[in-house]
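Student: start_3.txt is the file, holding compact mmCIF, C-alpha atoms:
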# COMPACT_ATOMS: atom_id res chain seq x y z
CA MET A 1 -10.56 4.41 -12.51
CA GLN A 2 -8.72 1.18 -13.29
CA ALA A 3 -5.59 2.58 -11.65
CA GLY A 4 -7.66 3.52 -8.62
CA LEU A 5 -9.13 0.03 -8.25
CA TRP A 6 -5.68 -1.49 -8.66
CA ALA A 7 -4.31 0.72 -5.88
CA ALA A 8 -7.31 0.07 -3.63
CA THR A 9 -6.89 -3.69 -3.93
CA GLN A 10 -3.17 -3.37 -3.29
CA VAL A 11 -3.98 -1.99 0.17
CA SER A 12 -5.91 -5.14 1.11
CA MET A 13 -3.07 -7.26 -0.30
CA ASP A 14 -0.42 -5.39 1.70
CA HIS A 15 -2.55 -5.28 4.86
CA PRO A 16 -4.94 -8.26 4.79
CA PRO A 17 -7.50 -8.29 7.61
CA THR A 18 -6.62 -10.70 10.40
CA GLY A 19 -8.41 -12.00 13.45
CA PRO A 20 -12.19 -11.96 13.91
CA PRO A 21 -14.27 -9.31 12.09
CA THR A 22 -14.80 -6.00 13.88
CA GLU A 23 -17.28 -3.15 13.55
CA GLU A 24 -14.49 -1.04 12.08
CA ASP A 25 -14.19 -3.49 9.17
CA PHE A 26 -17.72 -2.53 8.09
CA SER A 27 -17.42 1.21 8.71
CA GLU A 28 -13.94 1.99 7.38
CA VAL A 29 -13.49 4.27 4.38
CA LEU A 30 -10.17 4.56 2.57
CA ILE A 31 -9.75 7.63 0.34
CA GLN A 32 -6.97 7.49 -2.25
CA VAL A 33 -6.22 10.56 -4.35
CA HIS A 34 -5.04 10.10 -7.93
CA GLU A 35 -4.34 12.51 -10.74
CA GLY A 36 -7.69 14.07 -11.57
CA PHE A 37 -9.90 11.92 -9.33
CA GLU A 38 -10.20 10.32 -5.94
CA LEU A 39 -11.48 6.84 -5.20
CA GLY A 40 -13.06 5.80 -1.93
CA THR A 41 -13.12 2.17 -0.79
CA LEU A 42 -16.08 1.60 1.52
CA ALA A 43 -15.93 -1.21 4.11
CA GLY A 44 -12.77 -2.48 2.43
CA PRO A 45 -11.67 -4.99 5.13
CA ALA A 46 -15.16 -6.52 5.26
CA PHE A 47 -15.24 -7.07 1.50
CA ALA A 48 -11.66 -8.38 1.51
CA ARG A 49 -12.73 -11.01 4.04
CA LEU A 50 -15.78 -11.84 1.92
CA ARG A 51 -13.75 -12.26 -1.28
CA ARG A 52 -11.35 -14.55 0.56
CA SER A 53 -14.20 -16.66 1.94
CA LEU A 54 -15.60 -17.02 -1.60
CA GLY A 55 -12.26 -18.32 -2.86
CA LEU A 56 -11.44 -15.21 -4.91
CA ALA A 57 -7.75 -14.34 -4.68
CA GLU A 58 -6.95 -10.64 -4.34
CA GLU A 59 -4.38 -10.99 -7.12
CA ASP A 60 -7.08 -12.19 -9.54
CA TYR A 61 -9.48 -9.45 -8.42
CA GLN A 62 -6.80 -6.81 -8.92
CA ALA A 63 -5.71 -8.15 -12.31
CA ALA A 64 -9.29 -8.24 -13.59
CA LEU A 65 -10.16 -4.68 -12.59
CA GLY A 66 -6.83 -2.89 -12.89
CA PRO A 67 -5.10 -1.48 -15.98
CA GLY A 68 -4.60 -3.87 -18.85
CA GLY A 69 -7.84 -3.93 -20.79
CA PRO A 70 -10.88 -1.70 -21.40
CA TYR A 71 -14.23 -2.13 -19.70
CA LEU A 72 -17.20 -3.04 -21.89
CA GLN A 73 -20.48 -1.20 -21.47
CA PHE A 74 -23.31 -3.65 -20.92
CA LEU A 75 -26.51 -2.98 -22.91
CA SER A 76 -29.13 -3.50 -20.21
CA THR A 77 -32.84 -3.85 -20.96
CA SER A 78 -33.64 -2.67 -17.43
CA LYS A 79 -35.75 0.46 -16.98
CA SER A 80 -33.55 1.70 -14.14
CA LYS A 81 -31.04 4.47 -14.86
CA ALA A 82 -28.06 2.51 -13.57
CA SER A 83 -24.98 2.06 -15.74
CA PHE A 84 -23.39 -1.35 -16.17
CA PHE A 85 -19.85 -2.14 -17.22
CA LEU A 86 -18.10 -5.46 -17.75
CA ASP A 87 -14.43 -5.90 -17.08
CA LEU A 88 -12.20 -7.68 -19.52
CA PHE A 89 -10.22 -10.26 -17.60
CA LEU A 90 -7.03 -10.74 -19.59
CA SER A 91 -5.73 -14.29 -19.86
CA PRO A 92 -3.35 -15.93 -22.34
CA LEU A 93 -6.26 -17.44 -24.24
CA SER A 94 -9.29 -15.17 -24.04
CA HIS A 95 -11.06 -12.14 -22.57
CA ASP A 96 -13.48 -13.46 -19.92
CA GLN A 97 -16.24 -11.14 -18.78
CA ARG A 98 -15.98 -11.86 -15.07
CA PHE A 99 -17.24 -8.86 -13.08
CA PHE A 100 -19.97 -6.24 -13.32
CA LEU A 101 -19.48 -2.61 -12.28
CA LYS A 102 -22.88 -1.08 -11.55
CA THR A 103 -23.59 2.49 -10.50
CA GLN A 104 -25.66 3.03 -7.36
CA GLN A 105 -27.59 5.84 -5.72
CA ARG A 106 -26.37 7.08 -2.34
CA GLN A 107 -29.48 5.70 -0.61
CA GLU A 108 -28.85 2.27 -2.15
CA VAL A 109 -25.27 2.28 -0.87
CA GLN A 110 -26.42 3.25 2.60
CA ALA A 111 -28.96 0.41 2.64
CA LEU A 112 -26.40 -2.11 1.39
CA LEU A 113 -23.80 -1.14 3.98
CA THR A 114 -26.40 -1.24 6.75
CA HIS A 115 -27.16 -4.88 5.94
CA LEU A 116 -23.60 -5.82 4.98
CA PRO A 117 -22.74 -7.72 8.22
CA ARG A 118 -25.78 -9.98 7.79
CA TYR A 119 -25.06 -10.41 4.08
CA VAL A 120 -21.45 -11.47 4.70
CA GLN A 121 -22.51 -13.83 7.47
CA HIS A 122 -25.16 -15.41 5.23
CA LEU A 123 -22.74 -16.10 2.37
CA GLN A 124 -20.16 -17.53 4.74
CA ARG A 125 -22.75 -19.90 6.21
CA HIS A 126 -24.33 -20.70 2.84
CA PRO A 127 -21.57 -20.61 0.19
CA HIS A 128 -23.93 -22.03 -2.46
CA SER A 129 -26.56 -19.33 -1.93
CA LEU A 130 -28.25 -17.95 -5.06
CA LEU A 131 -27.69 -14.38 -3.84
CA ALA A 132 -25.52 -12.24 -6.10
CA ARG A 133 -21.89 -11.97 -4.98
CA LEU A 134 -21.20 -8.31 -4.17
CA LEU A 135 -17.43 -7.93 -3.96
CA GLY A 136 -16.83 -4.24 -3.26
CA VAL A 137 -18.40 -0.80 -2.89
CA TYR A 138 -16.60 2.34 -4.06
CA SER A 139 -17.08 6.07 -4.47
CA LEU A 140 -15.63 8.15 -7.28
CA ARG A 141 -15.22 11.90 -7.56
CA VAL A 142 -13.59 13.52 -10.58
CA ALA A 143 -11.82 16.86 -10.30
CA ARG A 144 -12.95 19.68 -12.56
CA GLY A 145 -10.68 22.64 -13.17
CA LYS A 146 -8.32 21.71 -10.33
CA LYS A 147 -4.59 21.31 -10.48
CA VAL A 148 -3.10 18.02 -9.40
CA GLY A 149 -1.48 19.62 -6.37
CA GLU A 150 -4.82 20.98 -5.18
CA ALA A 151 -6.51 17.65 -5.72
CA GLN A 152 -3.91 15.89 -3.59
CA ALA A 153 -4.38 18.18 -0.59
CA ARG A 154 -6.07 15.38 1.36
CA GLY A 155 -3.10 13.06 1.04
CA PRO A 156 -2.54 9.83 -0.93
CA GLY A 157 -4.64 7.69 1.36
CA GLN A 158 -6.85 8.63 4.27
CA ARG A 159 -9.15 6.48 6.35
CA GLY A 160 -12.33 7.76 7.90
CA ARG A 161 -15.82 6.90 9.05
CA LEU A 162 -18.42 5.61 6.62
CA GLU A 163 -21.00 8.22 7.57
CA ASP A 164 -18.53 11.02 6.88
CA GLU A 165 -17.75 9.63 3.43
CA ILE A 166 -21.37 9.20 2.34
CA LEU A 167 -22.83 12.38 3.80
CA SER A 168 -20.03 14.91 3.41
CA SER A 169 -18.88 16.97 0.44
CA LEU A 170 -15.18 16.75 -0.41
CA THR A 171 -14.19 20.34 -1.15
CA PRO A 172 -11.38 19.76 -3.71
CA TYR A 173 -13.88 17.91 -5.91
CA PRO A 174 -16.90 20.03 -6.87
CA ARG A 175 -18.48 17.40 -9.11
CA PRO A 176 -21.12 15.10 -7.55
CA GLN A 177 -19.82 11.93 -6.00
CA LYS A 178 -20.66 8.68 -7.81
CA TYR A 179 -21.01 5.29 -6.20
CA PHE A 180 -20.65 1.87 -7.76
CA ILE A 181 -20.54 -1.75 -6.72
CA ILE A 182 -18.54 -4.62 -8.15
CA MET A 183 -20.35 -7.91 -8.41
CA GLN A 184 -19.51 -11.29 -9.82
CA SER A 185 -21.19 -11.86 -13.17
CA VAL A 186 -23.66 -14.74 -13.16
CA PHE A 187 -22.92 -15.06 -16.88
CA TYR A 188 -19.28 -16.08 -16.35
CA PRO A 189 -17.81 -17.87 -18.23
CA ALA A 190 -19.71 -16.40 -21.18
CA SER A 191 -18.64 -19.10 -23.65
CA ARG A 192 -20.87 -21.69 -21.93
CA ILE A 193 -24.10 -19.65 -22.11
CA SER A 194 -26.36 -19.58 -25.17
CA GLU A 195 -29.34 -17.62 -23.75
CA ARG A 196 -29.72 -15.20 -20.86
CA TYR A 197 -32.97 -14.44 -19.02
CA ASP A 198 -34.05 -11.99 -16.33
CA ILE A 199 -37.07 -13.73 -14.77
CA LYS A 200 -39.26 -11.74 -12.37
CA GLY A 201 -42.44 -13.85 -12.37
CA CYS A 202 -44.73 -11.33 -14.09
CA GLU A 203 -45.86 -10.55 -17.64
CA VAL A 204 -46.17 -6.74 -17.69
CA SER A 205 -43.47 -5.21 -19.90
CA ARG A 206 -41.55 -8.49 -19.80
CA TRP A 207 -40.70 -8.92 -23.50
CA VAL A 208 -37.47 -8.04 -25.28
CA GLU A 209 -37.15 -8.13 -29.06
CA PRO A 210 -34.53 -10.84 -29.70
CA ALA A 211 -31.40 -9.97 -31.64
CA PRO A 212 -31.35 -11.09 -35.29
CA GLU A 213 -29.81 -14.49 -35.92
CA GLY A 214 -26.05 -14.20 -36.27
CA SER A 215 -25.92 -10.82 -34.51
CA PRO A 216 -23.03 -10.35 -32.05
CA LEU A 217 -25.35 -8.36 -29.76
CA VAL A 218 -25.90 -10.06 -26.38
CA LEU A 219 -29.35 -9.41 -24.91
CA VAL A 220 -30.89 -10.43 -21.61
CA LEU A 221 -34.36 -11.77 -22.39
CA LYS A 222 -37.38 -11.62 -20.08
CA ASP A 223 -40.34 -13.68 -18.86
CA LEU A 224 -42.44 -13.61 -22.03
CA ASN A 225 -39.43 -14.62 -24.14
CA PHE A 226 -39.21 -17.79 -22.03
CA GLN A 227 -42.92 -18.60 -22.36
CA GLY A 228 -43.44 -22.14 -23.66
CA LYS A 229 -39.82 -23.16 -23.04
CA THR A 230 -38.40 -25.54 -20.44
CA ILE A 231 -34.99 -26.14 -18.90
CA ASN A 232 -33.87 -29.59 -17.79
CA LEU A 233 -31.64 -29.26 -14.73
CA GLY A 234 -30.95 -32.99 -14.56
CA GLU A 235 -31.91 -35.60 -12.01
CA PRO A 236 -32.03 -34.50 -8.33
Give the structure from the file, written as structure tokens.

Tutor:
Amino acid sequence: MQAGLWAATQVSMDHPPTGPPTEEDFSEVLIQVHEGFELGTLAGPAFARLRRSLGLAEEDYQAALGPGGPYLQFLSTSKSKASFFLDLFLSPLSHDQRFFLKTQQRQEVQALLTHLPRYVQHLQRHPHSLLARLLGVYSLRVARGKKVGEAQARGPGQRGRLEDEILSSLTPYPRPQKYFIIMQSVFYPASRISERYDIKGCEVSRWVEPAPEGSPLVLVLKDLNFQGKTINLGEP
């Protein structure tokens, strides 16, 4: 998958979107076939524009997600069935956990892409918004029992319509299609954070047993863990 993300980002580096945004930017799907799997980039030009407006260089995005270091699985205390992974951003000094990869249901992807134009416009108008920074949406299908030649029947890179990608079944790949988003971690850089909380404003099932003192385990605490504590954000 790392090789697939590297290749997908290379496309936006070789052919950066120019001019004003178009409807095609938000509906384009790029399918790239690799050995044993195919990766789809959904609304690639729209997300490339968004990353650029947020000051994220494509070279940094590619280096963080491409080959070079393993992903870390994030131990979430959420009751959803989504999987989380952290990338290891390789630098001369440290491994910085910079991006999240989070699996999504097809319906969630459809809803996100429906509202994507408004989301992009909002972040461009309000660069300091507290909304999470979603940086890309991808699909992944792994071949099972297929030879490489059969898997590559669709060509190394094909562009199509978003509806076709989400609703259709790609015949060379019998396994179910998976979707995932890449988002900027709010916990980056990790070295400056001592405690992490997921605050929802309720008390039902909002307690997490803290890790023992000295444990390397990183937990995201909840509302009841924060009860009785305060945070000083400084003078306005």

Student: Quick one: pull the distance between CA of Leu116 in chain A and CA of Tyr197 in chain A, Å, one decimal.

Tutor: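 A separation of 27.2 Å between them.
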
Student: Just checking: using all atoms listed in the file, which residue out of A:Leu130, A:Ile181, A:Ile199, A:Met1 ends up closest to Leu101 in chain A?

Tutor: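 With all atoms listed in the file as the atom set, the closest residue is A:Ile181.
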
Student: In terms of the shortest atom-to-atom distance over all atoms listed in the file, which of A:Asn225, A:Val220, A:Phe187, A:Ile193 is closest to Arg206 in chain A?

Tutor: A:Asn225

Student: Please identify all polymer residues within 12 Å of Arg52 in chain A, counting only C-alpha atoms, omitting same-chain residues fewer than 3 positions from it, and present them as a PDB file with C-alpha atoms, in the coordinates of the input.

Tutor:
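File produced: selection36.pdb:
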ATOM      1  CA  SER A  12      -5.910  -5.140   1.110  1.00  0.00           C
ATOM      2  CA  MET A  13      -3.070  -7.260  -0.300  1.00  0.00           C
ATOM      3  CA  PRO A  16      -4.940  -8.260   4.790  1.00  0.00           C
ATOM      4  CA  PRO A  17      -7.500  -8.290   7.610  1.00  0.00           C
ATOM      5  CA  THR A  18      -6.620 -10.700  10.400  1.00  0.00           C
ATOM      6  CA  PRO A  45     -11.670  -4.990   5.130  1.00  0.00           C
ATOM      7  CA  ALA A  46     -15.160  -6.520   5.260  1.00  0.00           C
ATOM      8  CA  PHE A  47     -15.240  -7.070   1.500  1.00  0.00           C
ATOM      9  CA  ALA A  48     -11.660  -8.380   1.510  1.00  0.00           C
ATOM     10  CA  ARG A  49     -12.730 -11.010   4.040  1.00  0.00           C
ATOM     11  CA  GLY A  55     -12.260 -18.320  -2.860  1.00  0.00           C
ATOM     12  CA  LEU A  56     -11.440 -15.210  -4.910  1.00  0.00           C
ATOM     13  CA  ALA A  57      -7.750 -14.340  -4.680  1.00  0.00           C
ATOM     14  CA  GLU A  58      -6.950 -10.640  -4.340  1.00  0.00           C
ATOM     15  CA  GLU A  59      -4.380 -10.990  -7.120  1.00  0.00           C
ATOM     16  CA  ASP A  60      -7.080 -12.190  -9.540  1.00  0.00           C
ATOM     17  CA  TYR A  61      -9.480  -9.450  -8.420  1.00  0.00           C
ATOM     18  CA  VAL A 120     -21.450 -11.470   4.700  1.00  0.00           C
ATOM     19  CA  LEU A 123     -22.740 -16.100   2.370  1.00  0.00           C
ATOM     20  CA  GLN A 124     -20.160 -17.530   4.740  1.00  0.00           C
ATOM     21  CA  PRO A 127     -21.570 -20.610   0.190  1.00  0.00           C
ATOM     22  CA  LEU A 135     -17.430  -7.930  -3.960  1.00  0.00           C
TER      23      LEU A 135
END

Student: Report as a list in words all protein, DNA and RNA residues lying within 9 Å of Arg133 in chain A, evaluated on only C-alpha atoms, omitting residues in the same chain fewer than 3 positions from it.

Tutor: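 Everything that qualifies: Arg51, Leu54, Leu123, Leu130, Ile182, Met183, Gln184, Ser185 and Val186 of chain A.
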
Student: How many Å lie between CA of Leu65 in chain A and CA of Val218 in chain A, rounded to one decimal?

Tutor: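 Distance reported for this atom pair: 21.6 Å.
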
Student: So that I can see what lies close to Pro67 in chain A, please list as a JSON list (two decimals) with C-alpha atoms, in the frame of the given file the residues with an atom at most 7 Å from it, counting only C-alpha atoms and leaving out residues fewer than 2 positions away in the same chain.

Tutor:
[["chain", "number", "residue", "atom", "x", "y", "z"],
["A", 2, "GLN", "CA", -8.72, 1.18, -13.29],
["A", 3, "ALA", "CA", -5.59, 2.58, -11.65],
["A", 65, "LEU", "CA", -10.16, -4.68, -12.59],
["A", 69, "GLY", "CA", -7.84, -3.93, -20.79]]

Student: Please report the interatomic distance between CA of Val208 in chain A and CA of Gln227 in chain A in Å with one decimal.

Tutor: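 Going from CA of Val208 in chain A over to CA of Gln227 in chain A, I get 12.2 Å.
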
Student: A:Ala132, A:Tyr138, A:Leu113, A:Ala211: which is nearest Phe99 in chain A, counting only C-alpha atoms?

Tutor: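 Ranking A:Ala132, A:Tyr138, A:Leu113, A:Ala211 by distance to Phe99 in chain A, first place goes to A:Ala132.
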
Student: Between A:Pro20, A:Ser139, A:Leu217, A:Pro210, which has the minimum distance to Thr41 in chain A (counting only C-alpha atoms)?

Tutor: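 Going through A:Pro20, A:Ser139, A:Leu217, A:Pro210 one by one, the smallest distance to Thr41 in chain A is for A:Ser139.
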
Student: Rank A:Lys229, A:Arg141, A:Arg106, A:Arg196 by their smallest atom-to-atom distance to Phe37 in chain A, using only C-alpha atoms, and report the top residue only.

Tutor: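 When distances to Phe37 in chain A are compared using only C-alpha atoms, the smallest one comes from A:Arg141.
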
Student: Let me make sure I understand: among A:Ala64, A:Leu131, A:Leu39, A:Val137, which one has the smallest atom-to-atom distance to Gln105 in chain A if we use only C-alpha atoms?

Tutor: A:Val137

Student: In the coordinates of the file, take the point (-19.7, -2.5, 5.8) and a cut-off of 7 Å; then, counting all atoms listed in the file, name each qualifying protein, DNA or RNA residue as a list of chain:residue names.

Tutor: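 Those residues lying close to the given coordinates are A:Asp25, A:Phe26, A:Ser27, A:Leu42, A:Ala43, A:Ala46, A:Leu113, A:Thr114, A:Leu116, A:Pro117.
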
Student: Pull C-alpha atoms from the residues just selected and write them as a PDB file, keeping the file's coordinate frame.

Tutor:
ATOM      1  CA  ASP A  25     -14.190  -3.490   9.170  1.00  0.00           C
ATOM      2  CA  PHE A  26     -17.720  -2.530   8.090  1.00  0.00           C
ATOM      3  CA  SER A  27     -17.420   1.210   8.710  1.00  0.00           C
ATOM      4  CA  LEU A  42     -16.080   1.600   1.520  1.00  0.00           C
ATOM      5  CA  ALA A  43     -15.930  -1.210   4.110  1.00  0.00           C
ATOM      6  CA  ALA A  46     -15.160  -6.520   5.260  1.00  0.00           C
ATOM      7  CA  LEU A 113     -23.800  -1.140   3.980  1.00  0.00           C
ATOM      8  CA  THR A 114     -26.400  -1.240   6.750  1.00  0.00           C
ATOM      9  CA  LEU A 116     -23.600  -5.820   4.980  1.00  0.00           C
ATOM     10  CA  PRO A 117     -22.740  -7.720   8.220  1.00  0.00           C
TER      11      PRO A 117
END

Student: Please reconstruct the missing atoms of range 31-55 of chain A (target: N, CA and C atoms) and return them as an mmCIF file, in the frame of the given file.

Tutor:
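Everything below was put into out-v5.cif:
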data_model
loop_
_atom_site.group_PDB
_atom_site.id
_atom_site.type_symbol
_atom_site.label_atom_id
_atom_site.label_comp_id
_atom_site.auth_asym_id
_atom_site.auth_seq_id
_atom_site.Cartn_x
_atom_site.Cartn_y
_atom_site.Cartn_z
ATOM 1 N N ILE A 31 -9.752 6.685 1.452
ATOM 2 C CA ILE A 31 -9.750 7.630 0.340
ATOM 3 C C ILE A 31 -8.350 7.679 -0.251
ATOM 4 N N GLN A 32 -8.248 7.420 -1.540
ATOM 5 C CA GLN A 32 -6.970 7.490 -2.250
ATOM 6 C C GLN A 32 -7.100 8.521 -3.372
ATOM 7 N N VAL A 33 -6.186 9.473 -3.381
ATOM 8 C CA VAL A 33 -6.220 10.560 -4.350
ATOM 9 C C VAL A 33 -5.280 10.236 -5.508
ATOM 10 N N HIS A 34 -5.807 10.345 -6.714
ATOM 11 C CA HIS A 34 -5.040 10.100 -7.930
ATOM 12 C C HIS A 34 -5.079 11.360 -8.792
ATOM 13 N N GLU A 35 -4.374 11.335 -9.877
ATOM 14 C CA GLU A 35 -4.340 12.510 -10.740
ATOM 15 C C GLU A 35 -5.705 12.705 -11.403
ATOM 16 N N GLY A 36 -6.411 13.731 -10.970
ATOM 17 C CA GLY A 36 -7.690 14.070 -11.570
ATOM 18 C C GLY A 36 -8.909 13.437 -10.927
ATOM 19 N N PHE A 37 -8.737 12.536 -9.981
ATOM 20 C CA PHE A 37 -9.900 11.920 -9.330
ATOM 21 C C PHE A 37 -9.474 11.329 -8.000
ATOM 22 N N GLU A 38 -10.466 11.049 -7.170
ATOM 23 C CA GLU A 38 -10.200 10.320 -5.940
ATOM 24 C C GLU A 38 -11.181 9.164 -5.835
ATOM 25 N N LEU A 39 -10.681 8.056 -5.323
ATOM 26 C CA LEU A 39 -11.480 6.840 -5.200
ATOM 27 C C LEU A 39 -11.600 6.475 -3.732
ATOM 28 N N GLY A 40 -12.819 6.229 -3.299
ATOM 29 C CA GLY A 40 -13.060 5.800 -1.930
ATOM 30 C C GLY A 40 -13.421 4.323 -1.897
ATOM 31 N N THR A 41 -12.796 3.580 -0.995
ATOM 32 C CA THR A 41 -13.120 2.170 -0.790
ATOM 33 C C THR A 41 -13.928 2.063 0.491
ATOM 34 N N LEU A 42 -15.174 1.648 0.388
ATOM 35 C CA LEU A 42 -16.080 1.600 1.520
ATOM 36 C C LEU A 42 -16.115 0.184 2.100
ATOM 37 N N ALA A 43 -15.922 0.084 3.413
ATOM 38 C CA ALA A 43 -15.930 -1.210 4.110
ATOM 39 C C ALA A 43 -14.938 -2.176 3.477
ATOM 40 N N GLY A 44 -13.761 -1.671 3.132
ATOM 41 C CA GLY A 44 -12.770 -2.480 2.430
ATOM 42 C C GLY A 44 -12.382 -3.769 3.142
ATOM 43 N N PRO A 45 -12.044 -3.739 4.456
ATOM 44 C CA PRO A 45 -11.670 -4.990 5.130
ATOM 45 C C PRO A 45 -12.786 -6.026 5.132
ATOM 46 N N ALA A 46 -14.040 -5.577 5.257
ATOM 47 C CA ALA A 46 -15.160 -6.520 5.260
ATOM 48 C C ALA A 46 -15.279 -7.220 3.911
ATOM 49 N N PHE A 47 -15.143 -6.458 2.826
ATOM 50 C CA PHE A 47 -15.240 -7.070 1.500
ATOM 51 C C PHE A 47 -14.011 -7.925 1.196
ATOM 52 N N ALA A 48 -12.846 -7.544 1.708
ATOM 53 C CA ALA A 48 -11.660 -8.380 1.510
ATOM 54 C C ALA A 48 -11.848 -9.739 2.168
ATOM 55 N N ARG A 49 -12.431 -9.741 3.369
ATOM 56 C CA ARG A 49 -12.730 -11.010 4.040
ATOM 57 C C ARG A 49 -13.734 -11.827 3.223
ATOM 58 N N LEU A 50 -14.753 -11.143 2.686
ATOM 59 C CA LEU A 50 -15.780 -11.840 1.920
ATOM 60 C C LEU A 50 -15.180 -12.469 0.661
ATOM 61 N N ARG A 51 -14.366 -11.709 -0.068
ATOM 62 C CA ARG A 51 -13.750 -12.260 -1.280
ATOM 63 C C ARG A 51 -12.901 -13.484 -0.942
ATOM 64 N N ARG A 52 -12.184 -13.410 0.157
ATOM 65 C CA ARG A 52 -11.350 -14.550 0.560
ATOM 66 C C ARG A 52 -12.204 -15.758 0.896
ATOM 67 N N SER A 53 -13.331 -15.543 1.580
ATOM 68 C CA SER A 53 -14.200 -16.660 1.940
ATOM 69 C C SER A 53 -14.858 -17.289 0.721
ATOM 70 N N LEU A 54 -15.006 -16.510 -0.362
ATOM 71 C CA LEU A 54 -15.600 -17.020 -1.600
ATOM 72 C C LEU A 54 -14.560 -17.669 -2.513
ATOM 73 N N GLY A 55 -13.308 -17.685 -2.068
ATOM 74 C CA GLY A 55 -12.260 -18.320 -2.860
ATOM 75 C C GLY A 55 -11.706 -17.448 -3.963
#
